[in-house]
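What follows is structure_22.txt (compact mmCIF, C-alpha atoms and all ligand atoms).
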```txt
# COMPACT_ATOMS: atom_id res chain seq x y z
CA MET A 1 60.21 -23.79 64.39
CA LYS A 2 58.88 -24.65 67.80
CA PRO A 3 59.50 -28.06 69.34
CA PHE A 4 56.97 -30.83 68.71
CA ARG A 5 56.74 -34.58 69.27
CA HIS A 6 57.04 -36.74 66.16
CA ILE A 7 55.85 -40.33 66.01
CA ASN A 8 55.89 -42.88 63.21
CA VAL A 9 52.69 -44.88 63.03
CA PRO A 10 52.56 -48.39 61.57
CA GLY A 11 48.97 -48.21 60.28
CA VAL A 12 45.85 -46.14 59.61
CA ALA A 13 44.19 -47.32 62.85
CA GLU A 14 47.12 -45.99 64.92
CA ALA A 15 47.13 -42.69 63.01
CA VAL A 16 43.41 -42.21 63.66
CA ASP A 17 43.90 -43.23 67.28
CA TYR A 18 46.56 -40.57 67.85
CA LEU A 19 44.52 -37.93 66.02
CA ASN A 20 41.68 -38.63 68.42
CA LYS A 21 43.87 -38.76 71.53
CA PHE A 22 45.30 -35.34 70.66
CA PRO A 23 42.30 -33.47 69.27
CA GLY A 24 43.24 -30.05 67.91
CA SER A 25 46.89 -30.41 68.93
CA SER A 26 48.10 -33.03 66.46
CA ARG A 27 48.63 -33.05 62.69
CA LEU A 28 49.30 -35.76 60.17
CA ILE A 29 52.51 -35.40 58.24
CA ALA A 30 53.04 -37.20 54.93
CA GLY A 31 55.61 -35.68 52.53
CA GLY A 32 55.81 -32.58 54.74
CA THR A 33 56.17 -30.28 51.71
CA ASP A 34 53.29 -28.08 52.84
CA LEU A 35 53.13 -28.71 56.56
CA LEU A 36 56.75 -27.87 57.33
CA GLY A 37 56.36 -24.43 55.71
CA VAL A 38 53.17 -23.88 57.68
CA LEU A 39 54.97 -24.74 60.93
CA LYS A 40 58.04 -22.73 60.06
CA ASP A 41 55.95 -19.63 59.43
CA ASP A 42 53.88 -20.41 62.53
CA ILE A 43 50.64 -19.42 60.83
CA LEU A 44 48.27 -21.69 62.75
CA PRO A 45 46.52 -20.27 65.82
CA ALA A 46 47.40 -23.48 67.73
CA TYR A 47 50.86 -24.92 67.17
CA PRO A 48 50.64 -28.75 67.04
CA GLU A 49 52.35 -30.56 69.88
CA LEU A 50 52.36 -33.87 67.98
CA LEU A 51 53.12 -34.74 64.36
CA ILE A 52 51.85 -38.14 63.32
CA ASN A 53 54.08 -39.42 60.54
CA ILE A 54 52.04 -41.56 58.15
CA LYS A 55 54.54 -41.88 55.31
CA ALA A 56 55.93 -45.18 56.52
CA ILE A 57 52.52 -46.88 56.70
CA PRO A 58 52.99 -49.94 54.48
CA GLY A 59 50.62 -50.60 51.61
CA LEU A 60 49.04 -47.13 51.41
CA ASP A 61 50.80 -46.20 48.16
CA TYR A 62 48.89 -48.41 45.76
CA LEU A 63 47.34 -47.75 42.37
CA ARG A 64 44.65 -50.27 41.44
CA GLU A 65 42.18 -50.52 38.61
CA ASP A 66 39.23 -52.89 38.50
CA GLU A 67 35.56 -52.86 37.42
CA ASN A 68 34.87 -50.12 40.00
CA GLY A 69 37.44 -47.78 38.50
CA LEU A 70 40.76 -46.50 39.79
CA SER A 71 41.79 -46.48 43.46
CA ILE A 72 44.78 -44.43 44.58
CA GLY A 73 46.24 -44.90 48.06
CA ALA A 74 46.70 -41.66 50.03
CA LEU A 75 50.49 -42.08 50.12
CA VAL A 76 50.95 -42.30 46.35
CA LYS A 77 53.48 -39.65 45.36
CA LEU A 78 52.59 -37.10 42.70
CA ALA A 79 55.66 -38.15 40.68
CA PHE A 80 54.40 -41.73 40.60
CA LEU A 81 50.93 -40.62 39.47
CA ALA A 82 52.41 -38.40 36.76
CA ARG A 83 54.61 -41.20 35.43
CA SER A 84 52.21 -44.13 35.67
CA PRO A 85 51.49 -45.51 32.16
CA LEU A 86 47.97 -46.49 33.28
CA VAL A 87 47.15 -43.00 34.56
CA ARG A 88 48.76 -41.27 31.59
CA GLU A 89 46.87 -43.45 29.16
CA LYS A 90 43.40 -43.53 30.74
CA TYR A 91 43.20 -40.78 33.37
CA LYS A 92 45.16 -38.17 31.49
CA VAL A 93 43.93 -35.12 33.39
CA LEU A 94 45.09 -36.68 36.64
CA ALA A 95 48.58 -37.40 35.29
CA ASP A 96 48.84 -33.95 33.72
CA ALA A 97 47.61 -32.22 36.88
CA ALA A 98 50.12 -34.15 39.00
CA ARG A 99 52.93 -33.30 36.57
CA SER A 100 52.01 -29.60 36.74
CA VAL A 101 52.67 -29.44 40.48
CA GLY A 102 55.87 -27.74 41.66
CA THR A 103 59.25 -29.26 40.87
CA PRO A 104 60.47 -32.88 40.41
CA GLN A 105 61.87 -32.79 43.96
CA LEU A 106 58.51 -31.69 45.31
CA ARG A 107 56.57 -34.28 43.33
CA ASN A 108 58.93 -36.98 44.63
CA MET A 109 57.92 -36.13 48.21
CA ALA A 110 54.34 -34.83 47.93
CA THR A 111 51.51 -37.33 48.38
CA VAL A 112 48.01 -37.23 46.93
CA GLY A 113 46.47 -37.09 50.42
CA GLY A 114 48.66 -34.11 51.30
CA ASN A 115 47.81 -32.38 48.02
CA LEU A 116 44.14 -32.40 48.99
CA GLY A 117 44.88 -31.61 52.64
CA GLN A 118 47.30 -28.72 51.98
CA GLU A 119 46.60 -25.29 53.44
CA THR A 120 45.41 -22.53 51.16
CA ARG A 121 47.97 -20.18 49.61
CA CYS A 122 46.16 -16.93 50.54
CA TRP A 123 48.98 -14.57 51.44
CA TYR A 124 47.07 -13.09 54.38
CA TYR A 125 46.36 -16.55 55.79
CA ARG A 126 49.97 -17.62 55.31
CA TYR A 127 51.51 -14.41 56.59
CA PRO A 128 54.43 -15.48 58.82
CA HIS A 129 53.97 -14.89 62.55
CA GLY A 130 57.63 -13.90 62.79
CA ILE A 131 57.13 -10.82 60.59
CA GLY A 132 55.00 -8.40 62.54
CA GLY A 133 52.54 -10.92 64.00
CA ARG A 134 50.10 -13.49 62.68
CA ILE A 135 47.14 -12.25 60.64
CA GLN A 136 43.85 -13.55 62.01
CA CYS A 137 40.93 -14.29 59.71
CA GLN A 138 37.74 -16.34 59.61
CA ARG A 139 39.62 -19.36 58.35
CA LYS A 140 41.69 -19.21 61.53
CA GLY A 141 38.61 -18.78 63.68
CA SER A 142 38.06 -15.02 63.95
CA GLY A 143 38.45 -11.76 62.10
CA PRO A 144 37.52 -10.40 58.70
CA CYS A 145 38.91 -11.58 55.36
CA LEU A 146 41.57 -8.99 54.56
CA ALA A 147 41.63 -10.04 50.92
CA VAL A 148 38.19 -8.51 50.31
CA GLY A 149 39.43 -4.94 50.79
CA GLY A 150 43.07 -5.74 50.11
CA ASP A 151 45.16 -7.50 47.49
CA ASN A 152 42.90 -10.19 46.12
CA ARG A 153 44.41 -10.75 42.69
CA TYR A 154 44.74 -14.52 43.18
CA HIS A 155 41.57 -15.08 45.18
CA VAL A 156 38.24 -16.62 44.18
CA ILE A 157 35.86 -15.26 41.58
CA MET A 158 33.06 -17.63 42.55
CA GLY A 159 31.70 -19.17 45.73
CA GLY A 160 33.62 -17.26 48.41
CA LYS A 161 31.90 -16.81 51.76
CA GLY A 162 33.71 -15.49 54.82
CA CYS A 163 36.98 -16.58 53.23
CA PHE A 164 37.89 -15.84 49.62
CA ALA A 165 41.00 -18.02 49.29
CA ALA A 166 41.19 -20.20 46.18
CA CYS A 167 41.61 -23.97 46.32
CA PRO A 168 45.33 -24.63 45.66
CA SER A 169 45.04 -28.32 44.76
CA ASP A 170 45.51 -29.21 41.09
CA LEU A 171 44.57 -32.81 41.74
CA ALA A 172 41.19 -31.64 43.02
CA THR A 173 40.41 -30.02 39.66
CA ALA A 174 41.30 -33.16 37.73
CA LEU A 175 39.36 -35.34 40.16
CA ALA A 176 36.28 -33.14 39.71
CA ALA A 177 36.28 -33.75 35.95
CA LEU A 178 36.58 -37.49 36.64
CA GLU A 179 33.80 -37.33 39.28
CA GLY A 180 36.18 -38.75 41.85
CA SER A 181 35.74 -39.06 45.56
CA ILE A 182 37.75 -39.36 48.75
CA LYS A 183 37.68 -42.28 51.14
CA THR A 184 38.40 -41.49 54.75
CA GLU A 185 38.91 -43.30 58.03
CA GLY A 186 38.01 -41.88 61.40
CA ALA A 187 37.10 -42.91 64.92
CA GLY A 188 33.51 -43.59 63.83
CA GLY A 189 34.56 -45.61 60.75
CA GLY A 190 35.12 -44.70 57.13
CA ARG A 191 33.11 -42.66 54.65
CA ILE A 192 33.21 -41.53 51.04
CA ILE A 193 33.14 -37.81 50.23
CA SER A 194 32.65 -36.70 46.65
CA ILE A 195 35.33 -34.26 45.52
CA GLY A 196 32.64 -31.64 44.92
CA GLU A 197 31.72 -31.75 48.60
CA PHE A 198 35.21 -31.99 50.05
CA PHE A 199 36.18 -28.30 50.04
CA HIS A 200 34.22 -25.42 51.55
CA PRO A 201 35.09 -21.74 51.97
CA LEU A 202 36.68 -22.21 55.41
CA GLY A 203 38.54 -25.47 54.83
CA ASN A 204 37.56 -29.03 54.03
CA ALA A 205 35.03 -31.65 55.06
CA LEU A 206 37.40 -33.77 57.16
CA LYS A 207 36.14 -34.08 60.71
CA ALA A 208 38.50 -33.92 63.66
CA GLY A 209 40.28 -37.24 63.92
CA GLU A 210 39.61 -38.25 60.31
CA MET A 211 42.15 -38.89 57.57
CA ILE A 212 42.17 -39.51 53.82
CA VAL A 213 43.05 -43.09 52.93
CA GLU A 214 42.18 -43.30 49.23
CA LEU A 215 41.11 -41.35 46.16
CA GLN A 216 38.58 -43.07 43.95
CA VAL A 217 37.76 -42.53 40.28
CA PRO A 218 34.71 -44.33 38.89
CA PRO A 219 34.88 -46.08 35.51
CA LEU A 220 35.21 -43.62 32.65
CA PRO A 221 32.42 -43.15 30.11
CA ALA A 222 33.20 -45.24 27.02
CA GLY A 223 35.12 -43.37 24.35
CA SER A 224 35.75 -40.31 26.52
CA ARG A 225 38.63 -37.90 25.96
CA GLN A 226 40.22 -35.56 28.48
CA HIS A 227 42.26 -32.38 28.49
CA TRP A 228 44.05 -30.41 31.22
CA LEU A 229 45.21 -26.79 31.09
CA LYS A 230 46.77 -24.65 33.77
CA TYR A 231 47.56 -20.96 33.60
CA THR A 232 50.38 -19.79 35.87
CA LEU A 233 52.34 -16.59 36.19
CA ARG A 234 55.72 -18.27 36.45
CA GLU A 235 56.74 -21.22 34.35
CA PRO A 236 57.36 -23.96 35.27
CA VAL A 237 56.80 -23.86 39.05
CA ASP A 238 53.68 -22.12 40.22
CA PHE A 239 50.23 -22.60 41.60
CA ALA A 240 47.38 -22.16 39.15
CA VAL A 241 45.90 -18.75 38.51
CA VAL A 242 43.20 -20.80 36.81
CA SER A 243 43.16 -24.46 35.78
CA VAL A 244 40.68 -26.44 33.74
CA ALA A 245 40.07 -30.16 33.34
CA VAL A 246 37.54 -31.38 30.81
CA LEU A 247 36.18 -34.75 29.77
CA THR A 248 34.12 -35.16 26.61
CA VAL A 249 32.23 -37.92 24.83
CA LEU A 250 31.45 -37.56 21.14
CA GLU A 251 29.17 -39.93 19.22
CA ALA A 252 28.49 -39.50 15.51
CA GLY A 253 29.73 -35.92 15.75
CA ILE A 254 27.40 -35.01 18.63
CA CYS A 255 28.48 -34.25 22.19
CA ARG A 256 26.96 -36.87 24.49
CA GLU A 257 28.77 -35.83 27.65
CA ALA A 258 30.87 -32.88 28.69
CA ARG A 259 32.41 -32.29 32.08
CA ILE A 260 34.18 -29.02 32.77
CA ALA A 261 35.99 -28.50 36.08
CA LEU A 262 37.53 -25.14 36.95
CA GLY A 263 40.36 -24.85 39.47
CA ALA A 264 41.67 -21.91 41.54
CA VAL A 265 38.54 -19.85 40.90
CA ALA A 266 36.55 -21.04 43.93
CA PRO A 267 37.11 -22.57 47.39
CA GLY A 268 37.04 -25.99 45.72
CA PRO A 269 37.03 -27.34 42.17
CA LEU A 270 33.96 -26.04 40.38
CA ARG A 271 31.95 -27.87 37.74
CA ALA A 272 30.54 -25.54 35.06
CA LEU A 273 27.19 -27.33 35.00
CA GLN A 274 25.33 -24.83 32.83
CA ALA A 275 27.99 -25.03 30.14
CA GLU A 276 28.06 -28.84 30.36
CA GLN A 277 24.29 -29.02 29.91
CA PHE A 278 24.44 -26.59 26.97
CA LEU A 279 26.97 -28.77 25.15
CA LYS A 280 25.04 -32.02 25.41
CA GLY A 281 23.29 -33.01 22.19
CA LYS A 282 25.11 -30.38 20.12
CA GLU A 283 27.75 -30.57 17.46
CA PRO A 284 30.90 -29.04 18.97
CA ILE A 285 31.38 -26.40 16.29
CA PRO A 286 33.37 -23.25 17.16
CA GLU A 287 30.28 -21.12 17.92
CA VAL A 288 28.94 -23.75 20.32
CA LEU A 289 32.25 -24.08 22.15
CA GLN A 290 32.56 -20.30 22.42
CA GLU A 291 29.09 -20.07 23.92
CA ALA A 292 29.87 -22.90 26.36
CA ALA A 293 33.02 -21.08 27.50
CA VAL A 294 31.01 -17.92 28.14
CA LEU A 295 28.45 -19.93 30.14
CA ALA A 296 31.23 -21.53 32.19
CA VAL A 297 32.13 -18.18 33.75
CA GLN A 298 28.71 -16.58 33.72
CA GLY A 299 28.25 -16.76 37.48
CA ALA A 300 31.59 -15.12 38.28
CA LYS A 301 31.64 -12.33 40.87
CA PRO A 302 35.24 -11.14 40.83
CA LEU A 303 36.72 -9.11 43.68
CA SER A 304 38.31 -5.69 43.14
CA LYS A 305 41.57 -6.94 41.59
CA ASN A 306 40.88 -10.32 40.03
CA GLY A 307 38.45 -9.64 37.20
CA TYR A 308 41.21 -10.76 34.83
CA LYS A 309 40.71 -14.36 36.06
CA VAL A 310 37.25 -14.47 34.46
CA GLU A 311 38.69 -13.95 31.00
CA ILE A 312 41.52 -16.44 31.61
CA ALA A 313 39.00 -19.04 32.76
CA ARG A 314 36.83 -18.47 29.70
CA VAL A 315 39.74 -18.85 27.31
CA LEU A 316 41.09 -21.94 29.09
CA VAL A 317 37.67 -23.61 28.95
CA LEU A 318 37.43 -22.86 25.23
CA ARG A 319 40.93 -24.22 24.51
CA ALA A 320 40.46 -27.31 26.66
CA LEU A 321 37.14 -28.12 24.97
CA GLU A 322 38.65 -27.62 21.52
CA ALA A 323 41.55 -29.94 22.38
CA SER A 324 39.36 -32.59 23.99
CA PHE A 325 36.90 -32.73 21.09
CA ALA A 326 39.80 -32.74 18.62
CA GLY A 327 41.08 -35.84 20.44
CA HIS A 328 38.01 -37.78 19.25
CA LYS A 329 39.08 -37.53 15.63
C1 LIG B 1 57.17 -24.68 45.81
C2 LIG B 1 55.83 -25.36 45.86
C3 LIG B 1 55.04 -25.36 44.71
C4 LIG B 1 53.81 -26.00 44.73
N1 LIG B 1 53.02 -25.97 43.62
C5 LIG B 1 51.83 -26.60 43.63
C6 LIG B 1 51.00 -26.62 42.47
O1 LIG B 1 51.34 -26.06 41.44
N2 LIG B 1 49.82 -27.28 42.53
C7 LIG B 1 49.41 -27.94 43.67
O2 LIG B 1 48.35 -28.56 43.64
N3 LIG B 1 50.16 -27.92 44.79
C8 LIG B 1 51.34 -27.27 44.79
N4 LIG B 1 52.11 -27.27 45.90
C9 LIG B 1 51.60 -27.90 47.11
C10 LIG B 1 52.01 -29.36 47.13
O3 LIG B 1 51.26 -30.06 46.15
C11 LIG B 1 51.72 -29.88 48.50
O4 LIG B 1 52.67 -29.30 49.36
C12 LIG B 1 51.82 -31.38 48.60
O5 LIG B 1 50.97 -32.03 47.71
C13 LIG B 1 51.47 -31.81 50.01
O6 LIG B 1 51.69 -33.20 50.11
P1 LIG B 1 52.54 -33.73 51.33
O7 LIG B 1 52.46 -35.21 51.28
O8 LIG B 1 53.91 -33.14 51.36
O9 LIG B 1 51.66 -33.17 52.53
P2 LIG B 1 52.11 -32.65 53.96
O10 LIG B 1 52.85 -31.37 53.85
O11 LIG B 1 52.72 -33.74 54.75
O12 LIG B 1 50.65 -32.35 54.55
C14 LIG B 1 49.88 -31.26 54.06
C15 LIG B 1 48.60 -31.16 54.87
O13 LIG B 1 47.75 -32.26 54.56
C16 LIG B 1 47.48 -33.03 55.72
N5 LIG B 1 47.52 -34.42 55.31
C17 LIG B 1 48.55 -35.09 54.73
N6 LIG B 1 48.18 -36.35 54.43
C18 LIG B 1 46.89 -36.47 54.83
C19 LIG B 1 45.94 -37.55 54.80
N7 LIG B 1 46.24 -38.75 54.30
N8 LIG B 1 44.70 -37.31 55.30
C20 LIG B 1 44.36 -36.09 55.79
N9 LIG B 1 45.23 -35.06 55.85
C21 LIG B 1 46.47 -35.24 55.37
C22 LIG B 1 48.57 -32.66 56.73
O14 LIG B 1 48.12 -32.81 58.05
C23 LIG B 1 48.83 -31.21 56.37
O15 LIG B 1 47.91 -30.37 57.01
C24 LIG B 1 53.35 -26.65 45.92
C25 LIG B 1 54.13 -26.63 47.07
C26 LIG B 1 55.36 -26.01 47.05
C27 LIG B 1 56.19 -26.01 48.31
```
In structure tokens, what does this structure look like?
Amino acid sequence: MKPFRHINVPGVAEAVDYLNKFPGSSRLIAGGTDLLGVLKDDILPAYPELLINIKAIPGLDYLREDENGLSIGALVKLAFLARSPLVREKYKVLADAARSVGTPQLRNMATVGGNLGQETRCWYYRYPHGIGGRIQCQRKGSGPCLAVGGDNRYHVIMGGKGCFAACPSDLATALAALEGSIKTEGAGGGRIISIGEFFHPLGNALKAGEMIVELQVPPLPAGSRQHWLKYTLREPVDFAVVSVAVLTVLEAGICREARIALGAVAPGPLRALQAEQFLKGKEPIPEVLQEAAVLAVQGAKPLSKNGYKVEIARVLVLRALEASFAGHK
């Protein structure tokens, strides 16, 4: 690692202040479970001279529920989210997604803000500088995406543009099914970004000098059920090859609402809107669910080596829908 300054900030205002005083040369550090690896491998074109430690900011690790839904402070640890009786009971996909991340040690350090802010896992992007030189690409500011003509087996099958790295965040997938959003603070004040607009092919929607302060989940539709599934190569510690979070509402045997969010198939979590629309107003019989699963992956444009992800996504959607609708009985 190269030397850097490290400061502990007492509040969000100070963190934002430092981010803005050191534009482009500072980084927030929360649990450090992603950032320290990024620094160790020296993958960033500009090495930060200042790390702004936010983990000691008091009062940013809250979980609150009121008539506006659930609010989760940016410093809530994944382990806490996974264990919370409230989240497990009512926001099941969020608890299950958090529990699916890494190891207990990792979940005890990793924060929800860091989970959304983590760097992509594309192996070209993360190629260590110390082994033959850093690989440049569009995500780093210049150069082609080597995954397109190279080994792209874990890359996106939908929505890539310039960069074809998949979104690594499991929380993002769960939040998409819950129609969650992200509250930020920056020099110009705060704003709310819906989870569907947070990620883009070259990174995320955070502006320079802006940080995540809260995740928000609106009130759930009455009587809804949820289900989370994640396909990985290695059990039990691995990033998703594909993940799926669904939320369903069934009234008198008819689907009134269906939300299907796909993870690790696109630059951000992807709602399968066509499949959702198809399900509404129908009885969720096997033929209907099978058709919905086909529709969920209809727009896929796999790269040379990741066509297999289309079939995994289809099967996960089918199984998650079956389980979620079964939960209504
Ligand atoms: C072995 C291993 C397995 C993993 N498996 C999974 C997995 O299966 N699924 C999954 O989703 N993730 C996985 N991860 C990633 C893990 O979830 C993240 O490393 C973790 O959530 C990051 O949280 P952190 O608090 O440690 O963030 P840090 O490492 O401190 O920060 C990560 C990035 O986010 C930025 N950041 C942190 N907090 C904020 C904030 N409040 N506002 C804006 N930016 C912020 C930092 O500047 C940095 O760029 C894995 C990681 C490891 C090492």
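For the atom pair formed by atom CA of A:Leu60 and atom CA of A:Gly180, the distance is 18.1 Å, given to one decimal.
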Taking a cut-off of 8 Å and counting only C-alpha atoms and all ligand atoms, can you build a table that, for each residue of chain A near ligand LIG 1 (chain B), reports the nearest atom pair and how far apart they are in Å (one decimal), sorted by chain then residue number, as CSV?
```
residue,atom,partner,partner_atom,distance
A:Arg27,CA,B:LIG1,O14,4.7
A:Leu28,CA,B:LIG1,O14,3.8
A:Ile29,CA,B:LIG1,O11,3.9
A:Ala30,CA,B:LIG1,O11,3.5
A:Gly31,CA,B:LIG1,O8,3.3
A:Gly32,CA,B:LIG1,O11,3.3
A:Thr33,CA,B:LIG1,O8,3.7
A:Asp34,CA,B:LIG1,O10,3.5
A:Leu35,CA,B:LIG1,O10,3.8
A:Leu36,CA,B:LIG1,O10,6.3
A:Gly37,CA,B:LIG1,C27,7.6
A:Ile54,CA,B:LIG1,N6,7.5
A:Ala74,CA,B:LIG1,N7,5.2
A:Leu75,CA,B:LIG1,N7,6.8
A:Lys77,CA,B:LIG1,O7,7.5
A:Leu78,CA,B:LIG1,O5,7.3
A:Ala97,CA,B:LIG1,O2,7.7
A:Ala98,CA,B:LIG1,O2,7.5
A:Ser100,CA,B:LIG1,O1,5.9
A:Val101,CA,B:LIG1,O1,3.8
A:Gly102,CA,B:LIG1,N1,3.9
A:Thr103,CA,B:LIG1,C3,6.9
A:Leu106,CA,B:LIG1,C26,6.7
A:Arg107,CA,B:LIG1,O3,7.3
A:Met109,CA,B:LIG1,O8,5.9
A:Ala110,CA,B:LIG1,O6,3.8
A:Thr111,CA,B:LIG1,O7,3.7
A:Val112,CA,B:LIG1,O5,6.0
A:Gly113,CA,B:LIG1,N7,4.2
A:Gly114,CA,B:LIG1,O9,3.4
A:Asn115,CA,B:LIG1,O5,3.2
A:Leu116,CA,B:LIG1,O13,6.6
A:Gly117,CA,B:LIG1,O13,3.5
A:Gln118,CA,B:LIG1,C15,4.0
A:Glu119,CA,B:LIG1,O15,6.3
A:Pro168,CA,B:LIG1,O2,5.4
A:Ser169,CA,B:LIG1,O2,3.5
A:Asp170,CA,B:LIG1,O2,3.9
A:Leu171,CA,B:LIG1,O2,6.0
A:Ala172,CA,B:LIG1,O2,7.8
A:Thr184,CA,B:LIG1,N8,7.6
A:Leu206,CA,B:LIG1,C20,7.5
A:Glu210,CA,B:LIG1,C20,6.9
A:Met211,CA,B:LIG1,N8,3.8
A:Ile212,CA,B:LIG1,N8,3.7
A:Val213,CA,B:LIG1,N7,5.6
A:Glu214,CA,B:LIG1,N7,7.9
A:Val237,CA,B:LIG1,C3,6.1
A:Asp238,CA,B:LIG1,O1,4.7
A:Phe239,CA,B:LIG1,O1,3.6
A:Ala240,CA,B:LIG1,O1,6.0
```
Excluding A:Ala323 and its own-chain neighbours fewer than 6 positions away, which residues fall within 12 Å of it when counting all atoms listed in the file? Please give them as a PyMOL selection string. chain A and resi 225-229+244-248+284+286+289+316-317+329
Could you please take those selected residues and save C-alpha atoms as a compact mmCIF listing (two decimals), in the coordinates of the input?
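Result written to result37.txt:
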```
# COMPACT_ATOMS: atom_id res chain seq x y z
CA ARG A 225 38.63 -37.90 25.96
CA GLN A 226 40.22 -35.56 28.48
CA HIS A 227 42.26 -32.38 28.49
CA TRP A 228 44.05 -30.41 31.22
CA LEU A 229 45.21 -26.79 31.09
CA VAL A 244 40.68 -26.44 33.74
CA ALA A 245 40.07 -30.16 33.34
CA VAL A 246 37.54 -31.38 30.81
CA LEU A 247 36.18 -34.75 29.77
CA THR A 248 34.12 -35.16 26.61
CA PRO A 284 30.90 -29.04 18.97
CA PRO A 286 33.37 -23.25 17.16
CA LEU A 289 32.25 -24.08 22.15
CA LEU A 316 41.09 -21.94 29.09
CA VAL A 317 37.67 -23.61 28.95
CA LYS A 329 39.08 -37.53 15.63
```
Mind checking which residues fall within 10 Å of A:Ala187, counting only C-alpha atoms, ignoring those fewer than 2 positions away in the same chain, and posting them as a PDB file with C-alpha atoms, in the coordinates of the input?
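Below is the file that was written, around.pdb:
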```pdb
ATOM      1  CA  ALA A  13      44.190 -47.320  62.850  1.00  0.00           C
ATOM      2  CA  VAL A  16      43.410 -42.210  63.660  1.00  0.00           C
ATOM      3  CA  ASP A  17      43.900 -43.230  67.280  1.00  0.00           C
ATOM      4  CA  LEU A  19      44.520 -37.930  66.020  1.00  0.00           C
ATOM      5  CA  ASN A  20      41.680 -38.630  68.420  1.00  0.00           C
ATOM      6  CA  GLU A 185      38.910 -43.300  58.030  1.00  0.00           C
ATOM      7  CA  GLY A 189      34.560 -45.610  60.750  1.00  0.00           C
ATOM      8  CA  GLY A 190      35.120 -44.700  57.130  1.00  0.00           C
ATOM      9  CA  LYS A 207      36.140 -34.080  60.710  1.00  0.00           C
ATOM     10  CA  ALA A 208      38.500 -33.920  63.660  1.00  0.00           C
ATOM     11  CA  GLY A 209      40.280 -37.240  63.920  1.00  0.00           C
ATOM     12  CA  GLU A 210      39.610 -38.250  60.310  1.00  0.00           C
ATOM     13  CA  MET A 211      42.150 -38.890  57.570  1.00  0.00           C
TER      14      MET A 211
END
```
Hey, can you pull every residue with an atom no more than 10 Å from (60.5, -19.7, 65.9), using all atoms listed in the file, and send it as a ChimeraX atom specification? /A:1-3,39-42,129-130
Quick one: 5 Å padding each side, axis-aligned, all listed atoms of stretch 5-22 of chain A - centre and edge lengths in Å to one decimal, as JSON?
```
{"center_x": 49.4, "center_y": -41.5, "center_z": 65.6, "size_x": 25.4, "size_y": 23.8, "size_z": 21.9}
```
Distance cut-off 10 Å, centre (31.3, -34.2, 39.4) in file coordinates, counting all atoms listed in the file: which residues qualify? Return them as a PyMOL selection string. chain A and resi 175-181+194-197+259-261+269-273
For the residues selected in the previous step, produce a file with C-alpha atoms as a PDB file, in the coordinates of the input.
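Output file result-v7.pdb is given in full below:
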```pdb
ATOM      1  CA  LEU A 175      39.360 -35.340  40.160  1.00  0.00           C
ATOM      2  CA  ALA A 176      36.280 -33.140  39.710  1.00  0.00           C
ATOM      3  CA  ALA A 177      36.280 -33.750  35.950  1.00  0.00           C
ATOM      4  CA  LEU A 178      36.580 -37.490  36.640  1.00  0.00           C
ATOM      5  CA  GLU A 179      33.800 -37.330  39.280  1.00  0.00           C
ATOM      6  CA  GLY A 180      36.180 -38.750  41.850  1.00  0.00           C
ATOM      7  CA  SER A 181      35.740 -39.060  45.560  1.00  0.00           C
ATOM      8  CA  SER A 194      32.650 -36.700  46.650  1.00  0.00           C
ATOM      9  CA  ILE A 195      35.330 -34.260  45.520  1.00  0.00           C
ATOM     10  CA  GLY A 196      32.640 -31.640  44.920  1.00  0.00           C
ATOM     11  CA  GLU A 197      31.720 -31.750  48.600  1.00  0.00           C
ATOM     12  CA  ARG A 259      32.410 -32.290  32.080  1.00  0.00           C
ATOM     13  CA  ILE A 260      34.180 -29.020  32.770  1.00  0.00           C
ATOM     14  CA  ALA A 261      35.990 -28.500  36.080  1.00  0.00           C
ATOM     15  CA  PRO A 269      37.030 -27.340  42.170  1.00  0.00           C
ATOM     16  CA  LEU A 270      33.960 -26.040  40.380  1.00  0.00           C
ATOM     17  CA  ARG A 271      31.950 -27.870  37.740  1.00  0.00           C
ATOM     18  CA  ALA A 272      30.540 -25.540  35.060  1.00  0.00           C
ATOM     19  CA  LEU A 273      27.190 -27.330  35.000  1.00  0.00           C
TER      20      LEU A 273
END
```
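We find atom CA of A:Glu311 and atom CA of A:Tyr231 to be spaced 11.6 Å apart.
Proximity to A:Glu49 was assessed for A:Arg256, A:Arg88, A:His6, A:Arg191 counting all atoms listed in the file; the smallest distance is recorded for A:His6.
Rounded to one decimal, atom CA of A:Ala46 and atom CA of A:Arg121 lie 18.4 Å from each other.
The environment of A:Gly69 within 8 Å, counting all atoms listed in the file and disregarding residues fewer than 6 places along the same chain, consists of A:Gln216, A:Val217, A:Pro218, A:Pro219, A:Leu220.
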Hey, can you spit out that residue selection with C-alpha atoms as an mmCIF file, in the frame of the given file?
```cif
data_model
loop_
_atom_site.group_PDB
_atom_site.id
_atom_site.type_symbol
_atom_site.label_atom_id
_atom_site.label_comp_id
_atom_site.auth_asym_id
_atom_site.auth_seq_id
_atom_site.Cartn_x
_atom_site.Cartn_y
_atom_site.Cartn_z
ATOM 1 C CA GLN A 216 38.580 -43.070 43.950
ATOM 2 C CA VAL A 217 37.760 -42.530 40.280
ATOM 3 C CA PRO A 218 34.710 -44.330 38.890
ATOM 4 C CA PRO A 219 34.880 -46.080 35.510
ATOM 5 C CA LEU A 220 35.210 -43.620 32.650
#
```
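Near A:Cys255, within 12 Å and counting only C-alpha atoms, sit Gly223, Ser224, Arg225, Leu247, Thr248, Val249, Glu276, Gln277, Phe278, Leu279, Lys280, Gly281, Lys282, Glu283, Pro284, Ile285, Val288, Leu289, Leu321, Ser324, Phe325, Ala326 and His328 of chain A; same-chain residues fewer than 6 positions away were not included.
Considering the residues A:Gly149, A:Gly268, A:Gly186, A:Gly253 and counting only C-alpha atoms, A:Gly203 has its shortest atom-to-atom contact with A:Gly268.
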